[in-house]
Amino acid sequence: MDITDIRIRKVNADGKLKAYVTVTFDESFVVHNVKVIEGENGIFIAMPSRRTKNGEYKDVAHPINTEFRGILQDRILDEYNKIDDTDEVSAD
C-alpha cells in the first residue's frame, strides 16, 4: 500500500495539538483527522478516534502493525517539518 497524498493543516493555538492531517492511500482510500501532537518525548501522530460512552477514546482507523505505523508517522512528520506555521501542504 502506497501513501499517495498527505495534506497537513497546522493549528495556530497553544497546546499539544499541532496539526490535522489527511492521508490518501493508493489514490483510493482517505483517512481524515490524523493528529500531530507534541508530547513529553517529542512529536508523534495520533490516529482519528471517537469518545466511547464510558469516556475513553477508541481509534476508528489505525495501522495494524508497528512497521507500517512507523512508516506512516515518518512520512507525516517529514512533511510536517517542511512547512512553516502558516502553510497547508500537500505532498504527493
# chains A, B, ... in the order shown; residues from 1 in each chain; ligands from 1
>>> select_by_dssp(residues="chain A", states="strand (DSSP E)", output="number ranges by chain")
A: 3-10, 17-25, 29-39, 42-46, 49-51, 57-59, 88-91
>>> residues_around(residues="Phe68 (chain A)", least_positions_apart="5", cutoff="12 Å", atoms="only C-alpha atoms", output="list in words")
Met1, Asp2, Ile3, His62, Pro63, Gln73, Asp74 and Arg75 of chain A
>>> closest_residue(among="A:Ala61, A:Ile83, A:Val31, A:Met47", to="Ile8 (chain A)", atoms="only C-alpha atoms")
A:Ile83
>>> atom_distance(atom1="CA of Arg51 (chain A)", atom2="CA of Val34 (chain A)")
15.1 Å
>>> atom_distance(atom1="CA of Phe25 (chain A)", atom2="CA of Leu72 (chain A)")
10.6 Å
>>> atom_distance(atom1="CA of Glu67 (chain A)", atom2="CA of Val11 (chain A)")
27.7 Å
>>> decode(residues="chain A", atoms="C-alpha atoms", output="PDB file, in the first residue's frame")
ATOM      1  CA  MET A   1       0.000   0.000   0.000  1.00  0.00           C
ATOM      2  CA  ASP A   2       1.383   3.375  -1.005  1.00  0.00           C
ATOM      3  CA  ILE A   3       0.814   6.717   0.686  1.00  0.00           C
ATOM      4  CA  THR A   4      -0.114   8.831  -2.337  1.00  0.00           C
ATOM      5  CA  ASP A   5      -1.032  12.148  -0.692  1.00  0.00           C
ATOM      6  CA  ILE A   6      -0.553  13.885   2.649  1.00  0.00           C
ATOM      7  CA  ARG A   7      -2.322  17.155   3.455  1.00  0.00           C
ATOM      8  CA  ILE A   8      -1.395  18.991   6.632  1.00  0.00           C
ATOM      9  CA  ARG A   9      -3.288  21.825   8.297  1.00  0.00           C
ATOM     10  CA  LYS A  10      -1.330  23.331  11.173  1.00  0.00           C
ATOM     11  CA  VAL A  11      -3.235  24.501  14.251  1.00  0.00           C
ATOM     12  CA  ASN A  12      -2.338  28.037  15.301  1.00  0.00           C
ATOM     13  CA  ALA A  13      -3.012  27.717  19.006  1.00  0.00           C
ATOM     14  CA  ASP A  14      -1.076  26.977  22.144  1.00  0.00           C
ATOM     15  CA  GLY A  15      -1.314  23.427  23.320  1.00  0.00           C
ATOM     16  CA  LYS A  16      -0.206  19.940  22.401  1.00  0.00           C
ATOM     17  CA  LEU A  17      -2.197  19.624  19.162  1.00  0.00           C
ATOM     18  CA  LYS A  18      -0.023  20.953  16.320  1.00  0.00           C
ATOM     19  CA  ALA A  19      -1.819  19.869  13.121  1.00  0.00           C
ATOM     20  CA  TYR A  20      -4.557  17.838  11.477  1.00  0.00           C
ATOM     21  CA  VAL A  21      -3.552  15.533   8.642  1.00  0.00           C
ATOM     22  CA  THR A  22      -5.422  13.849   5.789  1.00  0.00           C
ATOM     23  CA  VAL A  23      -3.679  10.820   4.272  1.00  0.00           C
ATOM     24  CA  THR A  24      -4.607   9.163   0.973  1.00  0.00           C
ATOM     25  CA  PHE A  25      -3.602   5.573   0.218  1.00  0.00           C
ATOM     26  CA  ASP A  26      -3.238   4.179  -3.316  1.00  0.00           C
ATOM     27  CA  GLU A  27      -5.188   7.177  -4.654  1.00  0.00           C
ATOM     28  CA  SER A  28      -8.254   5.222  -3.479  1.00  0.00           C
ATOM     29  CA  PHE A  29      -8.755   5.488   0.289  1.00  0.00           C
ATOM     30  CA  VAL A  30      -8.528   8.524   2.569  1.00  0.00           C
ATOM     31  CA  VAL A  31      -8.179   8.890   6.337  1.00  0.00           C
ATOM     32  CA  HIS A  32      -9.024  12.292   7.841  1.00  0.00           C
ATOM     33  CA  ASN A  33      -8.185  13.750  11.253  1.00  0.00           C
ATOM     34  CA  VAL A  34      -4.847  12.142  11.966  1.00  0.00           C
ATOM     35  CA  LYS A  35      -3.345  14.474  14.580  1.00  0.00           C
ATOM     36  CA  VAL A  36       0.215  15.715  15.064  1.00  0.00           C
ATOM     37  CA  ILE A  37       0.791  16.068  18.809  1.00  0.00           C
ATOM     38  CA  GLU A  38       3.674  17.464  20.862  1.00  0.00           C
ATOM     39  CA  GLY A  39       4.298  15.071  23.751  1.00  0.00           C
ATOM     40  CA  GLU A  40       6.794  14.970  26.593  1.00  0.00           C
ATOM     41  CA  ASN A  41       9.113  12.787  24.479  1.00  0.00           C
ATOM     42  CA  GLY A  42       8.707  14.702  21.220  1.00  0.00           C
ATOM     43  CA  ILE A  43       6.258  14.940  18.376  1.00  0.00           C
ATOM     44  CA  PHE A  44       4.095  11.984  17.268  1.00  0.00           C
ATOM     45  CA  ILE A  45       0.916  11.172  15.369  1.00  0.00           C
ATOM     46  CA  ALA A  46      -2.413  10.102  16.857  1.00  0.00           C
ATOM     47  CA  MET A  47      -4.945   8.272  14.747  1.00  0.00           C
ATOM     48  CA  PRO A  48      -8.548   9.504  14.397  1.00  0.00           C
ATOM     49  CA  SER A  49     -10.636   8.467  17.369  1.00  0.00           C
ATOM     50  CA  ARG A  50     -14.055   8.804  18.935  1.00  0.00           C
ATOM     51  CA  ARG A  51     -15.135   9.010  22.544  1.00  0.00           C
ATOM     52  CA  THR A  52     -16.973   5.975  23.912  1.00  0.00           C
ATOM     53  CA  LYS A  53     -19.883   6.083  26.366  1.00  0.00           C
ATOM     54  CA  ASN A  54     -17.515   5.495  29.295  1.00  0.00           C
ATOM     55  CA  GLY A  55     -15.311   8.460  28.290  1.00  0.00           C
ATOM     56  CA  GLU A  56     -12.406   6.533  26.775  1.00  0.00           C
ATOM     57  CA  TYR A  57     -11.108   7.251  23.281  1.00  0.00           C
ATOM     58  CA  LYS A  58     -11.063   4.478  20.674  1.00  0.00           C
ATOM     59  CA  ASP A  59      -9.234   4.700  17.330  1.00  0.00           C
ATOM     60  CA  VAL A  60     -11.575   4.486  14.342  1.00  0.00           C
ATOM     61  CA  ALA A  61      -8.726   3.766  11.901  1.00  0.00           C
ATOM     62  CA  HIS A  62      -5.195   2.656  12.677  1.00  0.00           C
ATOM     63  CA  PRO A  63      -2.221   0.648  11.352  1.00  0.00           C
ATOM     64  CA  ILE A  64      -2.297  -2.974  12.458  1.00  0.00           C
ATOM     65  CA  ASN A  65       1.460  -3.404  12.742  1.00  0.00           C
ATOM     66  CA  THR A  66       4.347  -1.428  14.174  1.00  0.00           C
ATOM     67  CA  GLU A  67       6.284  -1.344  10.903  1.00  0.00           C
ATOM     68  CA  PHE A  68       3.551   0.444   8.955  1.00  0.00           C
ATOM     69  CA  ARG A  69       2.817   2.791  11.867  1.00  0.00           C
ATOM     70  CA  GLY A  70       6.473   3.839  11.786  1.00  0.00           C
ATOM     71  CA  ILE A  71       6.385   4.388   8.021  1.00  0.00           C
ATOM     72  CA  LEU A  72       3.196   6.457   8.294  1.00  0.00           C
ATOM     73  CA  GLN A  73       4.494   8.522  11.199  1.00  0.00           C
ATOM     74  CA  ASP A  74       7.842   9.170   9.484  1.00  0.00           C
ATOM     75  CA  ARG A  75       6.176  10.333   6.250  1.00  0.00           C
ATOM     76  CA  ILE A  76       3.713  12.615   8.057  1.00  0.00           C
ATOM     77  CA  LEU A  77       6.328  14.145  10.348  1.00  0.00           C
ATOM     78  CA  ASP A  78       8.750  14.672   7.448  1.00  0.00           C
ATOM     79  CA  GLU A  79       6.070  16.701   5.655  1.00  0.00           C
ATOM     80  CA  TYR A  80       5.053  18.485   8.854  1.00  0.00           C
ATOM     81  CA  ASN A  81       8.632  19.614   9.449  1.00  0.00           C
ATOM     82  CA  LYS A  82       8.888  21.046   5.916  1.00  0.00           C
ATOM     83  CA  ILE A  83       6.166  23.660   6.377  1.00  0.00           C
ATOM     84  CA  ASP A  84       6.056  26.870   8.357  1.00  0.00           C
ATOM     85  CA  ASP A  85       3.306  27.918  10.761  1.00  0.00           C
ATOM     86  CA  THR A  86       1.008  29.463   8.152  1.00  0.00           C
ATOM     87  CA  ASP A  87       1.140  26.850   5.400  1.00  0.00           C
ATOM     88  CA  GLU A  88      -1.051  23.974   4.403  1.00  0.00           C
ATOM     89  CA  VAL A  89       0.850  21.354   2.474  1.00  0.00           C
ATOM     90  CA  SER A  90       0.040  18.585   0.055  1.00  0.00           C
ATOM     91  CA  ALA A  91       2.749  16.021  -0.618  1.00  0.00           C
ATOM     92  CA  ASP A  92       2.343  13.536  -3.438  1.00  0.00           C
TER      93      ASP A  92
END
